[in-house]
>>> print(open('start_24.txt').read())   # compact mmCIF, C-alpha atoms
# COMPACT_ATOMS: atom_id res chain seq x y z
CA MET D 18 0.00 0.00 0.00
CA LYS D 19 0.89 3.64 -0.43
CA VAL D 20 -0.16 5.91 2.46
CA LEU D 21 -0.21 9.72 2.73
CA ILE D 22 -0.27 11.33 6.18
CA VAL D 23 -1.42 14.96 6.32
CA GLY D 24 0.30 17.04 9.02
CA GLY D 25 3.73 17.88 10.36
CA GLY D 26 3.76 17.73 14.15
CA GLY D 27 4.67 15.31 16.92
CA ARG D 28 1.35 13.52 16.56
CA GLU D 29 1.97 12.90 12.85
CA HIS D 30 5.52 11.70 13.54
CA ALA D 31 4.12 9.11 15.99
CA ILE D 32 1.49 8.07 13.42
CA ALA D 33 4.13 7.87 10.66
CA TRP D 34 6.41 5.75 12.86
CA LYS D 35 3.53 3.37 13.60
CA VAL D 36 2.34 3.22 9.97
CA ALA D 37 5.91 2.56 8.78
CA HIS D 38 5.93 -0.58 10.94
CA SER D 39 2.96 -2.04 9.05
CA PRO D 40 4.03 -4.87 6.71
CA ARG D 41 1.26 -3.72 4.35
CA VAL D 42 2.88 -0.33 3.64
CA GLU D 43 5.48 -0.11 0.88
CA LYS D 44 5.57 3.66 0.45
CA LEU D 45 4.79 6.45 2.92
CA TYR D 46 4.32 10.14 2.12
CA CYS D 47 3.74 13.01 4.55
CA ALA D 48 2.55 16.55 3.76
CA PRO D 49 4.23 18.73 4.87
CA GLY D 50 6.04 16.46 7.39
CA ASN D 51 9.11 17.49 9.40
CA ALA D 52 12.75 16.53 9.87
CA GLY D 53 11.89 13.49 12.01
CA ILE D 54 9.10 12.20 9.79
CA ALA D 55 11.59 12.28 6.87
CA GLU D 56 13.21 9.15 8.33
CA TYR D 57 10.10 7.10 7.49
CA ALA D 58 8.29 9.06 4.81
CA GLU D 59 8.89 11.14 1.72
CA CYS D 60 7.97 14.64 2.87
CA VAL D 61 5.96 16.66 0.35
CA ASN D 62 5.82 20.45 0.50
CA ILE D 63 2.03 20.81 0.57
CA GLY D 64 0.21 22.59 3.40
CA VAL D 65 -2.49 20.83 5.44
CA MET D 66 -5.18 23.24 4.15
CA GLU D 67 -4.28 22.87 0.44
CA PHE D 68 -6.94 20.25 -0.25
CA ASP D 69 -6.79 20.44 -4.06
CA LYS D 70 -3.02 19.98 -4.09
CA LEU D 71 -3.24 17.12 -1.59
CA ALA D 72 -5.88 15.36 -3.72
CA GLU D 73 -3.88 15.93 -6.92
CA PHE D 74 -0.70 14.54 -5.33
CA ALA D 75 -2.47 11.51 -3.86
CA LYS D 76 -4.07 10.63 -7.20
CA GLU D 77 -0.88 11.13 -9.21
CA ASN D 78 1.01 8.85 -6.83
CA GLN D 79 -1.77 6.25 -6.59
CA VAL D 80 -2.10 6.63 -2.82
CA ASP D 81 -4.32 3.91 -1.30
CA LEU D 82 -5.08 5.64 2.01
CA VAL D 83 -4.90 9.23 3.26
CA VAL D 84 -4.70 9.86 7.03
CA VAL D 85 -5.58 13.42 8.13
CA GLY D 86 -3.86 14.32 11.40
CA PRO D 87 -4.68 17.89 12.57
CA ASP D 88 -7.98 19.47 13.66
CA ASP D 89 -8.04 22.49 11.31
CA PRO D 90 -8.19 20.58 8.01
CA LEU D 91 -10.72 18.11 9.46
CA ALA D 92 -12.99 20.96 10.60
CA ALA D 93 -12.63 22.63 7.19
CA GLY D 94 -13.68 19.51 5.27
CA ALA D 95 -10.40 17.87 4.18
CA VAL D 96 -11.96 14.40 4.26
CA ASP D 97 -14.94 15.50 2.15
CA ALA D 98 -12.65 17.13 -0.43
CA LEU D 99 -10.34 14.12 -0.68
CA GLU D 100 -13.23 11.65 -0.85
CA ALA D 101 -14.82 13.75 -3.61
CA ALA D 102 -11.57 13.20 -5.55
CA GLY D 103 -12.11 9.44 -5.24
CA LEU D 104 -9.62 8.77 -2.43
CA ARG D 105 -9.89 6.52 0.63
CA VAL D 106 -9.51 8.69 3.71
CA PHE D 107 -9.20 8.05 7.45
CA GLY D 108 -10.80 10.82 9.51
CA PRO D 109 -14.21 12.36 10.19
CA ARG D 110 -16.06 14.33 7.52
CA LYS D 111 -16.72 18.02 8.14
CA ASN D 112 -20.24 17.46 9.52
CA ALA D 113 -18.81 15.06 12.14
CA ALA D 114 -15.61 17.01 12.92
CA ILE D 115 -17.91 19.71 14.36
CA LEU D 116 -17.79 17.56 17.52
CA GLU D 117 -14.46 19.33 18.17
CA ALA D 118 -14.83 22.40 15.96
CA SER D 119 -17.72 23.84 18.01
CA LYS D 120 -17.78 23.69 21.81
CA ALA D 121 -21.40 24.90 21.71
CA PHE D 122 -22.40 22.05 19.37
CA SER D 123 -20.77 19.39 21.55
CA LYS D 124 -22.32 20.78 24.75
CA GLU D 125 -25.79 20.83 23.16
CA LEU D 126 -25.29 17.27 21.88
CA MET D 127 -24.38 16.03 25.38
CA LYS D 128 -27.35 17.81 26.91
CA LYS D 129 -29.76 16.35 24.33
CA TYR D 130 -28.49 12.77 24.74
CA ASN D 131 -27.87 12.87 28.51
CA ILE D 132 -24.12 12.42 28.26
CA PRO D 133 -22.58 13.59 31.57
CA THR D 134 -20.86 16.98 31.30
CA ALA D 135 -20.57 20.29 33.18
CA ALA D 136 -23.53 22.71 33.27
CA TYR D 137 -23.06 25.52 30.74
CA GLU D 138 -24.48 28.55 28.91
CA THR D 139 -23.66 29.73 25.39
CA PHE D 140 -23.39 33.42 24.38
CA GLU D 141 -23.33 35.13 20.99
CA ASP D 142 -22.53 38.62 22.30
CA PRO D 143 -20.34 39.98 25.12
CA GLU D 144 -23.15 42.00 26.79
CA SER D 145 -25.28 38.96 27.59
CA ALA D 146 -22.18 37.02 28.72
CA LEU D 147 -21.22 39.82 31.13
CA ALA D 148 -24.79 40.06 32.47
CA TYR D 149 -24.81 36.29 33.13
CA LEU D 150 -21.51 36.45 35.02
CA GLU D 151 -22.94 38.90 37.58
CA THR D 152 -24.89 36.06 39.22
CA ALA D 153 -22.81 33.05 38.13
CA LYS D 154 -20.97 30.83 40.61
CA MET D 155 -17.17 31.29 40.68
CA PRO D 156 -14.72 29.97 39.71
CA ILE D 157 -15.99 29.60 36.15
CA VAL D 158 -14.56 28.29 32.88
CA LEU D 159 -14.81 30.38 29.70
CA LYS D 160 -14.22 28.70 26.33
CA ALA D 161 -13.89 30.12 22.83
CA ASP D 162 -16.41 28.16 20.75
CA GLY D 163 -14.09 27.33 17.84
CA LEU D 164 -10.63 25.83 17.36
CA ALA D 165 -7.88 27.67 19.23
CA LEU D 166 -4.88 25.32 19.20
CA GLY D 167 -5.83 23.92 22.60
CA LYS D 168 -5.44 27.38 24.16
CA GLY D 169 -8.95 28.90 24.03
CA VAL D 170 -9.94 27.96 27.58
CA LEU D 171 -9.76 30.39 30.52
CA ILE D 172 -10.29 29.40 34.15
CA CYS D 173 -11.49 32.51 36.02
CA LYS D 174 -11.38 32.49 39.82
CA ASP D 175 -13.59 35.55 40.40
CA LEU D 176 -15.93 38.00 38.66
CA GLU D 177 -13.12 40.41 37.78
CA GLU D 178 -11.14 37.68 36.02
CA ALA D 179 -14.29 36.40 34.29
CA LYS D 180 -15.13 39.87 32.92
CA ALA D 181 -11.55 40.19 31.65
CA GLY D 182 -11.94 36.75 30.06
CA VAL D 183 -15.02 37.81 28.10
CA LYS D 184 -13.03 40.79 26.83
CA THR D 185 -10.08 38.56 25.85
CA ILE D 186 -12.22 36.06 23.93
CA MET D 187 -15.08 38.12 22.47
CA LEU D 188 -13.81 41.70 22.20
CA ASP D 189 -10.01 41.49 21.82
CA LYS D 190 -10.48 38.28 19.76
CA GLN D 191 -7.27 36.82 21.17
CA PHE D 192 -8.26 33.44 19.68
CA GLY D 193 -9.53 34.96 16.42
CA SER D 194 -12.92 33.94 15.06
CA ALA D 195 -12.98 31.02 17.53
CA GLY D 196 -14.21 33.67 20.00
CA ASN D 197 -17.31 34.75 18.03
CA ARG D 198 -19.27 32.54 20.43
CA LEU D 199 -18.44 31.84 24.04
CA VAL D 200 -19.32 28.92 26.28
CA ALA D 201 -19.41 29.60 30.04
CA GLU D 202 -19.14 26.37 31.98
CA GLU D 203 -19.29 25.30 35.62
CA PHE D 204 -15.83 24.69 37.07
CA MET D 205 -15.31 20.99 37.74
CA THR D 206 -12.76 19.54 40.13
CA GLY D 207 -11.14 16.13 39.95
CA ARG D 208 -8.55 14.23 37.94
CA GLU D 209 -8.34 14.80 34.21
CA VAL D 210 -7.99 11.77 31.95
CA SER D 211 -7.67 11.53 28.16
CA VAL D 212 -9.10 8.51 26.36
CA LEU D 213 -8.60 8.00 22.64
CA SER D 214 -10.84 5.75 20.57
CA PHE D 215 -11.24 4.40 17.05
CA VAL D 216 -14.75 4.74 15.58
CA ASP D 217 -16.25 3.33 12.35
CA GLY D 218 -19.64 5.07 12.59
CA ASN D 219 -21.25 2.30 14.66
CA THR D 220 -18.57 0.51 16.67
CA ILE D 221 -16.12 2.14 19.06
CA ARG D 222 -12.84 0.61 20.23
CA ILE D 223 -11.22 2.25 23.25
CA MET D 224 -7.45 2.80 23.38
CA THR D 225 -5.43 2.97 26.58
CA SER D 226 -5.83 6.03 28.84
CA ALA D 227 -3.40 8.93 29.17
CA GLN D 228 -3.01 12.21 31.05
CA ASP D 229 -1.70 15.45 29.55
CA HIS D 230 0.00 18.43 31.24
CA LYS D 231 -1.21 21.66 29.64
CA ARG D 232 0.50 24.38 31.68
CA ALA D 233 3.89 25.71 30.57
CA LYS D 234 5.67 25.60 33.93
CA ASP D 235 6.31 23.17 36.77
CA GLY D 236 3.54 22.78 39.33
CA ASP D 237 0.89 23.52 36.67
CA GLN D 238 1.86 27.19 36.63
CA GLY D 239 2.12 29.47 33.61
CA LEU D 240 0.07 29.69 30.44
CA ASN D 241 -1.90 26.94 28.73
CA THR D 242 0.05 25.23 25.95
CA GLY D 243 -0.68 22.53 23.41
CA GLY D 244 0.72 20.07 25.99
CA MET D 245 4.08 19.81 27.78
CA GLY D 246 4.09 16.07 28.39
CA THR D 247 1.91 13.09 29.08
CA PHE D 248 1.81 9.62 30.58
CA SER D 249 -0.09 6.40 29.89
CA PRO D 250 -1.97 4.65 31.37
CA SER D 251 -3.64 6.87 33.97
CA PRO D 252 -3.65 5.17 37.38
CA PHE D 253 -6.94 6.98 38.10
CA TYR D 254 -8.72 5.41 35.12
CA THR D 255 -9.97 2.37 37.03
CA ASP D 256 -12.11 -0.54 35.85
CA GLU D 257 -15.12 1.16 37.50
CA VAL D 258 -14.48 4.41 35.61
CA ASP D 259 -14.04 2.48 32.38
CA ALA D 260 -17.31 0.56 32.87
CA PHE D 261 -19.22 3.80 33.59
CA CYS D 262 -17.78 5.56 30.53
CA ARG D 263 -18.53 2.63 28.23
CA GLU D 264 -22.13 2.63 29.39
CA HIS D 265 -22.86 6.36 29.55
CA ILE D 266 -20.31 8.20 27.39
CA TYR D 267 -18.41 6.32 24.67
CA GLN D 268 -21.04 4.39 22.71
CA ALA D 269 -23.62 7.07 23.60
CA THR D 270 -21.54 9.68 21.77
CA VAL D 271 -21.15 7.52 18.65
CA ASP D 272 -24.89 6.78 18.63
CA ALA D 273 -25.77 10.45 19.22
CA MET D 274 -23.69 11.58 16.25
CA LYS D 275 -25.30 8.91 14.05
CA SER D 276 -28.79 9.99 15.21
CA GLU D 277 -27.94 13.57 14.25
CA GLY D 278 -27.05 12.46 10.70
CA ARG D 279 -23.37 13.09 11.43
CA THR D 280 -21.93 9.56 11.31
CA PHE D 281 -18.46 9.71 12.86
CA GLN D 282 -15.58 7.69 11.39
CA GLY D 283 -12.09 8.28 12.72
CA ILE D 284 -10.73 9.16 16.15
CA ILE D 285 -12.78 10.49 19.04
CA PHE D 286 -10.66 11.82 21.87
CA PHE D 287 -12.58 12.02 25.15
CA GLY D 288 -11.28 14.59 27.62
CA LEU D 289 -12.75 13.43 30.93
CA MET D 290 -12.95 14.88 34.42
CA LEU D 291 -13.27 12.31 37.19
CA THR D 292 -15.54 14.27 39.55
CA GLU D 293 -17.07 13.23 42.88
CA GLU D 294 -20.35 12.67 41.00
CA GLY D 295 -18.60 10.40 38.49
CA PRO D 296 -16.83 10.89 35.14
CA LYS D 297 -17.94 13.84 33.00
CA VAL D 298 -16.89 14.97 29.52
CA LEU D 299 -14.70 18.10 29.52
CA GLU D 300 -14.29 18.18 25.75
CA TYR D 301 -14.18 16.11 22.60
CA ASN D 302 -11.46 16.15 19.97
CA ALA D 303 -12.02 14.69 16.52
CA ARG D 304 -8.45 13.45 16.06
CA PHE D 305 -5.47 11.96 17.86
CA GLY D 306 -4.28 14.09 20.79
CA ASP D 307 -0.85 15.66 20.86
CA PRO D 308 1.19 14.59 22.88
CA GLU D 309 -1.12 11.72 23.96
CA THR D 310 -0.48 9.89 20.67
CA GLN D 311 3.23 9.79 21.50
CA VAL D 312 2.57 7.56 24.57
CA VAL D 313 -0.46 5.61 23.32
CA LEU D 314 0.79 4.35 19.94
CA PRO D 315 4.12 2.93 21.22
CA ARG D 316 2.03 0.73 23.56
CA MET D 317 -0.40 -0.44 20.84
CA LYS D 318 0.14 -4.00 19.57
CA ASN D 319 -2.08 -3.86 16.46
CA ASP D 320 -1.10 -2.99 12.91
CA ILE D 321 -2.50 0.54 12.80
CA VAL D 322 -3.19 0.40 9.05
CA GLU D 323 -5.57 -2.54 9.58
CA VAL D 324 -7.41 -0.50 12.23
CA PHE D 325 -7.59 2.59 9.98
CA GLU D 326 -9.05 0.48 7.17
CA ALA D 327 -11.60 -1.13 9.50
CA CYS D 328 -12.80 2.36 10.50
CA VAL D 329 -13.16 3.36 6.84
CA ASP D 330 -14.90 0.09 5.91
CA GLY D 331 -17.19 -0.14 8.94
CA THR D 332 -15.64 -3.43 10.12
CA LEU D 333 -14.16 -2.25 13.42
CA ASP D 334 -16.26 -4.83 15.29
CA GLN D 335 -13.86 -7.45 13.88
CA ILE D 336 -10.78 -5.79 15.42
CA ASP D 337 -9.43 -6.88 18.81
CA LEU D 338 -7.55 -3.77 19.94
CA GLN D 339 -4.62 -4.67 22.21
CA PHE D 340 -2.09 -2.72 24.27
CA GLU D 341 1.08 -3.76 26.06
CA ASP D 342 0.88 -4.24 29.83
CA ASN D 343 3.40 -1.50 30.58
CA ALA D 344 3.62 2.30 30.74
CA ALA D 345 4.98 5.22 28.71
CA VAL D 346 5.90 8.82 29.54
CA CYS D 347 6.52 11.68 27.09
CA VAL D 348 8.37 14.87 28.06
CA VAL D 349 8.11 17.76 25.58
CA LEU D 350 11.30 19.67 24.85
CA ALA D 351 10.16 23.18 23.99
CA SER D 352 11.79 26.47 23.00
CA ASP D 353 12.26 28.70 26.04
CA GLY D 354 9.51 31.35 25.99
CA TYR D 355 6.81 29.05 24.51
CA PRO D 356 3.81 29.59 24.22
CA GLU D 357 4.47 33.34 23.87
CA SER D 358 7.65 34.30 22.00
CA TYR D 359 10.72 32.20 21.31
CA GLU D 360 13.69 31.93 18.94
CA LYS D 361 13.91 29.32 16.19
CA GLY D 362 16.71 27.87 14.08
CA TYR D 363 18.94 26.32 16.77
CA LYS D 364 20.85 23.17 15.82
CA ILE D 365 19.71 20.01 17.64
CA THR D 366 22.10 17.17 18.50
CA GLY D 367 21.80 13.80 20.22
CA PHE D 368 19.38 11.92 17.94
CA ASP D 369 21.91 9.10 17.42
CA MET D 370 21.53 8.20 21.12
CA PHE D 371 18.04 6.86 20.38
CA LYS D 372 19.18 4.48 17.64
CA ASP D 373 19.04 0.78 18.59
CA LYS D 374 17.55 1.57 22.01
CA ASP D 375 14.34 -0.38 22.49
CA GLY D 376 11.54 1.54 24.19
CA TYR D 377 13.03 5.02 23.63
CA TYR D 378 11.61 7.41 21.03
CA VAL D 379 12.08 11.02 20.00
CA PHE D 380 9.11 12.42 18.09
CA HIS D 381 9.67 15.67 16.18
CA ALA D 382 7.05 18.41 16.62
CA GLY D 383 8.74 21.62 15.45
CA THR D 384 11.89 20.77 13.48
CA LYS D 385 13.27 21.24 9.97
CA PHE D 386 16.47 20.78 7.99
CA ASP D 387 18.64 23.89 7.44
CA GLU D 388 20.65 24.54 4.24
CA ASP D 389 23.53 22.39 5.51
CA GLY D 390 21.30 19.42 6.33
CA ASN D 391 21.35 19.95 10.09
CA ILE D 392 18.14 19.44 12.06
CA VAL D 393 17.15 22.76 13.69
CA THR D 394 14.32 24.00 15.92
CA ASN D 395 11.28 25.31 14.03
CA GLY D 396 8.51 25.73 16.61
CA GLY D 397 7.48 26.20 20.24
CA ARG D 398 7.18 22.51 20.96
CA VAL D 399 10.29 21.04 19.36
CA LEU D 400 10.47 17.36 20.34
CA GLY D 401 8.58 14.78 22.40
CA VAL D 402 10.93 12.41 24.19
CA THR D 403 9.03 9.19 24.99
CA ALA D 404 10.16 6.16 26.94
CA LYS D 405 8.47 2.96 28.04
CA GLY D 406 8.91 1.12 31.31
CA ASN D 407 7.38 -1.79 33.21
CA ASP D 408 5.41 0.75 35.26
CA LEU D 409 4.84 4.51 35.30
CA LYS D 410 7.74 5.32 37.66
CA GLU D 411 10.23 3.38 35.53
CA ALA D 412 8.87 4.95 32.32
CA ARG D 413 9.21 8.44 33.84
CA ALA D 414 12.79 7.82 34.96
CA ASN D 415 13.65 6.51 31.48
CA ALA D 416 12.01 9.49 29.73
CA TYR D 417 13.85 12.08 31.84
CA LYS D 418 17.14 10.20 31.34
CA ALA D 419 16.54 10.36 27.57
CA THR D 420 15.84 14.13 27.63
CA GLU D 421 19.51 14.57 28.61
CA TRP D 422 20.65 13.01 25.33
CA ILE D 423 19.18 15.90 23.29
CA GLU D 424 20.83 19.33 23.19
CA PHE D 425 19.77 22.64 21.63
CA GLU D 426 20.39 26.21 22.72
CA ASN D 427 17.06 27.30 24.24
CA LYS D 428 15.87 23.85 25.36
CA TYR D 429 13.12 24.06 27.98
CA MET D 430 10.98 21.42 29.67
CA ARG D 431 8.84 20.75 32.71
CA HIS D 432 10.52 18.62 35.35
CA ASP D 433 7.33 17.28 36.95
CA ILE D 434 5.61 15.42 34.11
CA GLY D 435 3.79 12.50 35.70
CA LYS D 436 3.86 13.94 39.23
CA ALA D 437 0.37 12.46 39.72
CA ILE D 438 1.99 9.02 39.50
CA ASP D 439 3.28 9.55 43.05
CA GLU D 440 -0.19 10.56 44.27
CA ALA D 441 -1.96 7.47 42.92
>>> encode(input="start_24.txt", output="structure tokens")
Amino acid sequence: MKVLIVGGGGREHAIAWKVAHSPRVEKLYCAPGNAGIAEYAECVNIGVMEFDKLAEFAKENQVDLVVVGPDDPLAAGAVDALEAAGLRVFGPRKNAAILEASKAFSKELMKKYNIPTAAYETFEDPESALAYLETAKMPIVLKADGLALGKGVLICKDLEEAKAGVKTIMLDKQFGSAGNRLVAEEFMTGREVSVLSFVDGNTIRIMTSAQDHKRAKDGDQGLNTGGMGTFSPSPFYTDEVDAFCREHIYQATVDAMKSEGRTFQGIIFFGLMLTEEGPKVLEYNARFGDPETQVVLPRMKNDIVEVFEACVDGTLDQIDLQFEDNAAVCVVLASDGYPESYEKGYKITGFDMFKDKDGYYVFHAGTKFDEDGNIVTNGGRVLGVTAKGNDLKEARANAYKATEWIEFENKYMRHDIGKAIDEA
């Protein structure tokens, strides 16, 4: 088979690595890819939103399967455009990707189908949002309705902060058009857990659990980022939690989307909060999480291409999804100053240390080749260093050991990824 992966981040590198291990794949392309993905795939200089060019390339090169990685092209209808060109595509169509693309849509869906989530209100204009806040219970969570690179969520501890939040999202448009609508949500407390799943429109197959660290600095301080590290499995995702979610959340979501005429095929990422009243949905994503993918896929036993095809063909009920009985931890190496301002173009060394070491991986998120063929930094999140271990503590120790192998000038990371492991 020939496979084309659309995207160029750490998530796509992990997918490319996993796809490259499939005996069914003879040729792998990635658009636009990055310096790490180039090890497994031929990188093609086409942007993720250039649907016509992607379709043209895939047809010219007789690509058998296209895998769309990021949220923006999915929300904009990449799958629809590629399917219209006669291609086989893994990922949700535009009318299903709305599950992530609109917070208001997903909240209304959960309310309609009794899927447990936080109480909320939706606002189209700042005046009504501000009026609502006068009597709302604090703290409160404010969310930009649309896609905001994982950053459009503000937790406001009091009325003053909440009013400033409305200004940030709806008036200053800090998250662009994502802030045209605002969702105000009750603040939930508890452990956060991420659960990824494969969906073929009817059947859902649950992957192993993970937990992400969103804040930039140690101790969950600093600004929200796309994710500074993650671990899998979550020790808080117990058999009881799993049973509850399977009954009330997972299949219910798939069935709800089908009932709405929005059959979902692809990945549903469930962001869960384990509250005192039981698990509730914080958010949905319509694609693999980043950096969750970097700890989940190394633990997956199946040939991922077979699973992708089963989702496209509606035969996922025939797949027995299996994961290793171990653990993985990913620590993101970022550019100092991320997520605000940072320098790019620093040479990165140490990749050779990962060669021939079983259970150690370095996934490229923001890298490129310079004119001399060196790999240099090209983003805020530069690399995801992942390691496996027999348990979470061993995996964490291995991951932090491996972060020392990589050097670049403004290298920055959190030193407490997986701190919850000690609290379990």
>>> residues_around(input="start_24.txt", residues="Ala31 of chain D", least_positions_apart="5", cutoff="10 Å", atoms="all atoms listed in the file", output="number ranges by chain")
D: 26, 36-37, 53-54, 307-315, 378-382, 401
>>> atom_distance(input="start_24.txt", atom1="atom CA of Ala48 of chain D", atom2="atom CA of Gln282 of chain D")
21.6 Å
>>> closest_residue(input="start_24.txt", among="D:Leu291, D:Ala414, D:Val212, D:Val258", to="Arg304 of chain D", atoms="only C-alpha atoms")
D:Val212
>>> closest_atom_pairs(input="start_24.txt", of="segment 229-322 of chain D", to="segment 406-413 of chain D", cutoff="8 Å", atoms="all atoms listed in the file", output="Markdown table")
| residue | atom | partner | partner_atom | distance |
| --- | --- | --- | --- | --- |
| D:Phe248 | CA | D:Leu409 | CA | 7.6 |
| D:Ser249 | CA | D:Leu409 | CA | 7.6 |
| D:Pro250 | CA | D:Leu409 | CA | 7.9 |
>>> residues_around(input="start_24.txt", residues="Val399 of chain D", least_positions_apart="4", cutoff="6 Å", atoms="only C-alpha atoms", output="list of chain:residue names")
D:Leu350, D:Ala351, D:Ala382, D:Gly383
>>> residues_near_point(input="start_24.txt", point="(16.7, 27.6, 24.8)", cutoff="9 Å", atoms="only C-alpha atoms", output="PyMOL selection string")
chain D and resi 351-354+359-360+363+425-429
>>> atom_distance(input="start_24.txt", atom1="atom CA of Arg198 of chain D", atom2="atom CA of Ala146 of chain D")
9.9 Å
>>> atom_distance(input="start_24.txt", atom1="atom CA of Glu357 of chain D", atom2="atom CA of Arg232 of chain D")
12.5 Å
>>> residues_around(input="start_24.txt", residues="Ala95 of chain D", least_positions_apart="3", cutoff="12 Å", atoms="only C-alpha atoms", output="number ranges by chain")
D: 23-24, 64-72, 83-92, 98-102, 104-114
>>> residues_around(input="start_24.txt", residues="Phe368 of chain D", least_positions_apart="5", cutoff="12 Å", atoms="only C-alpha atoms", output="short mmCIF file (atom, residue, chain, number, x, y, z; two decimals) with C-alpha atoms, in the coordinates of the input")
data_model
loop_
_atom_site.label_atom_id
_atom_site.label_comp_id
_atom_site.auth_asym_id
_atom_site.auth_seq_id
_atom_site.Cartn_x
_atom_site.Cartn_y
_atom_site.Cartn_z
CA ALA D 52 12.75 16.53 9.87
CA GLY D 53 11.89 13.49 12.01
CA GLU D 56 13.21 9.15 8.33
CA ASP D 373 19.04 0.78 18.59
CA LYS D 374 17.55 1.57 22.01
CA TYR D 377 13.03 5.02 23.63
CA TYR D 378 11.61 7.41 21.03
CA VAL D 379 12.08 11.02 20.00
CA PHE D 380 9.11 12.42 18.09
CA HIS D 381 9.67 15.67 16.18
CA ASN D 391 21.35 19.95 10.09
CA ILE D 392 18.14 19.44 12.06
CA VAL D 393 17.15 22.76 13.69
CA LEU D 400 10.47 17.36 20.34
CA VAL D 402 10.93 12.41 24.19
CA ALA D 419 16.54 10.36 27.57
CA THR D 420 15.84 14.13 27.63
CA GLU D 421 19.51 14.57 28.61
CA TRP D 422 20.65 13.01 25.33
CA ILE D 423 19.18 15.90 23.29
CA GLU D 424 20.83 19.33 23.19
CA PHE D 425 19.77 22.64 21.63
#
>>> residues_near_point(input="start_24.txt", point="(4.4, -1.5, 15.0)", cutoff="7 Å", atoms="all atoms listed in the file", output="list in words")
Lys35, His38, Ser39, Lys318 and Asp320 of chain D
>>> closest_residue(input="start_24.txt", among="D:Ala121, D:Cys347, D:Leu164, D:Val61", to="Met245 of chain D", atoms="all atoms listed in the file")
D:Cys347
>>> closest_residue(input="start_24.txt", among="D:Val349, D:Arg208, D:Leu338, D:Pro133", to="Thr270 of chain D", atoms="all atoms listed in the file")
D:Pro133
>>> closest_residue(input="start_24.txt", among="D:Asn197, D:Asn241, D:Thr225, D:Thr384", to="Tyr254 of chain D", atoms="all atoms listed in the file")
D:Thr225
>>> closest_residue(input="start_24.txt", among="D:Met18, D:Ala161, D:Ile285, D:Val210", to="Asp259 of chain D", atoms="only C-alpha atoms")
D:Val210
>>> decode(input="start_24.txt", residues="segment 422-432 of chain D", atoms="N, CA, C and O atoms", output="mmCIF file, in the first residue's frame")
data_model
loop_
_atom_site.group_PDB
_atom_site.id
_atom_site.type_symbol
_atom_site.label_atom_id
_atom_site.label_comp_id
_atom_site.auth_asym_id
_atom_site.auth_seq_id
_atom_site.Cartn_x
_atom_site.Cartn_y
_atom_site.Cartn_z
ATOM 1 N N TRP D 422 19.893 13.352 26.538
ATOM 2 C CA TRP D 422 20.652 13.014 25.334
ATOM 3 C C TRP D 422 20.542 14.096 24.266
ATOM 4 O O TRP D 422 21.375 14.193 23.381
ATOM 5 N N ILE D 423 19.459 14.882 24.329
ATOM 6 C CA ILE D 423 19.185 15.897 23.294
ATOM 7 C C ILE D 423 19.673 17.269 23.764
ATOM 8 O O ILE D 423 19.414 17.673 24.893
ATOM 9 N N GLU D 424 20.373 17.979 22.869
ATOM 10 C CA GLU D 424 20.834 19.333 23.186
ATOM 11 C C GLU D 424 20.415 20.315 22.093
ATOM 12 O O GLU D 424 20.547 20.020 20.910
ATOM 13 N N PHE D 425 19.885 21.477 22.520
ATOM 14 C CA PHE D 425 19.773 22.637 21.632
ATOM 15 C C PHE D 425 19.738 23.880 22.512
ATOM 16 O O PHE D 425 19.474 23.788 23.718
ATOM 17 N N GLU D 426 20.022 25.035 21.922
ATOM 18 C CA GLU D 426 20.385 26.208 22.719
ATOM 19 C C GLU D 426 19.323 26.680 23.711
ATOM 20 O O GLU D 426 19.649 26.984 24.842
ATOM 21 N N ASN D 427 18.062 26.766 23.301
ATOM 22 C CA ASN D 427 17.059 27.298 24.243
ATOM 23 C C ASN D 427 16.112 26.206 24.722
ATOM 24 O O ASN D 427 14.919 26.426 24.906
ATOM 25 N N LYS D 428 16.656 25.017 24.931
ATOM 26 C CA LYS D 428 15.869 23.852 25.360
ATOM 27 C C LYS D 428 15.191 24.118 26.705
ATOM 28 O O LYS D 428 15.837 24.585 27.645
ATOM 29 N N TYR D 429 13.899 23.838 26.761
ATOM 30 C CA TYR D 429 13.117 24.057 27.983
ATOM 31 C C TYR D 429 12.150 22.896 28.176
ATOM 32 O O TYR D 429 11.585 22.388 27.208
ATOM 33 N N MET D 430 11.971 22.475 29.409
ATOM 34 C CA MET D 430 10.976 21.421 29.670
ATOM 35 C C MET D 430 10.460 21.552 31.092
ATOM 36 O O MET D 430 11.061 22.210 31.935
ATOM 37 N N ARG D 431 9.327 20.911 31.337
ATOM 38 C CA ARG D 431 8.843 20.754 32.706
ATOM 39 C C ARG D 431 9.558 19.573 33.346
ATOM 40 O O ARG D 431 9.845 18.580 32.681
ATOM 41 N N HIS D 432 9.804 19.686 34.644
ATOM 42 C CA HIS D 432 10.520 18.620 35.350
ATOM 43 C C HIS D 432 9.599 17.760 36.206
ATOM 44 O O HIS D 432 10.060 16.882 36.936
#
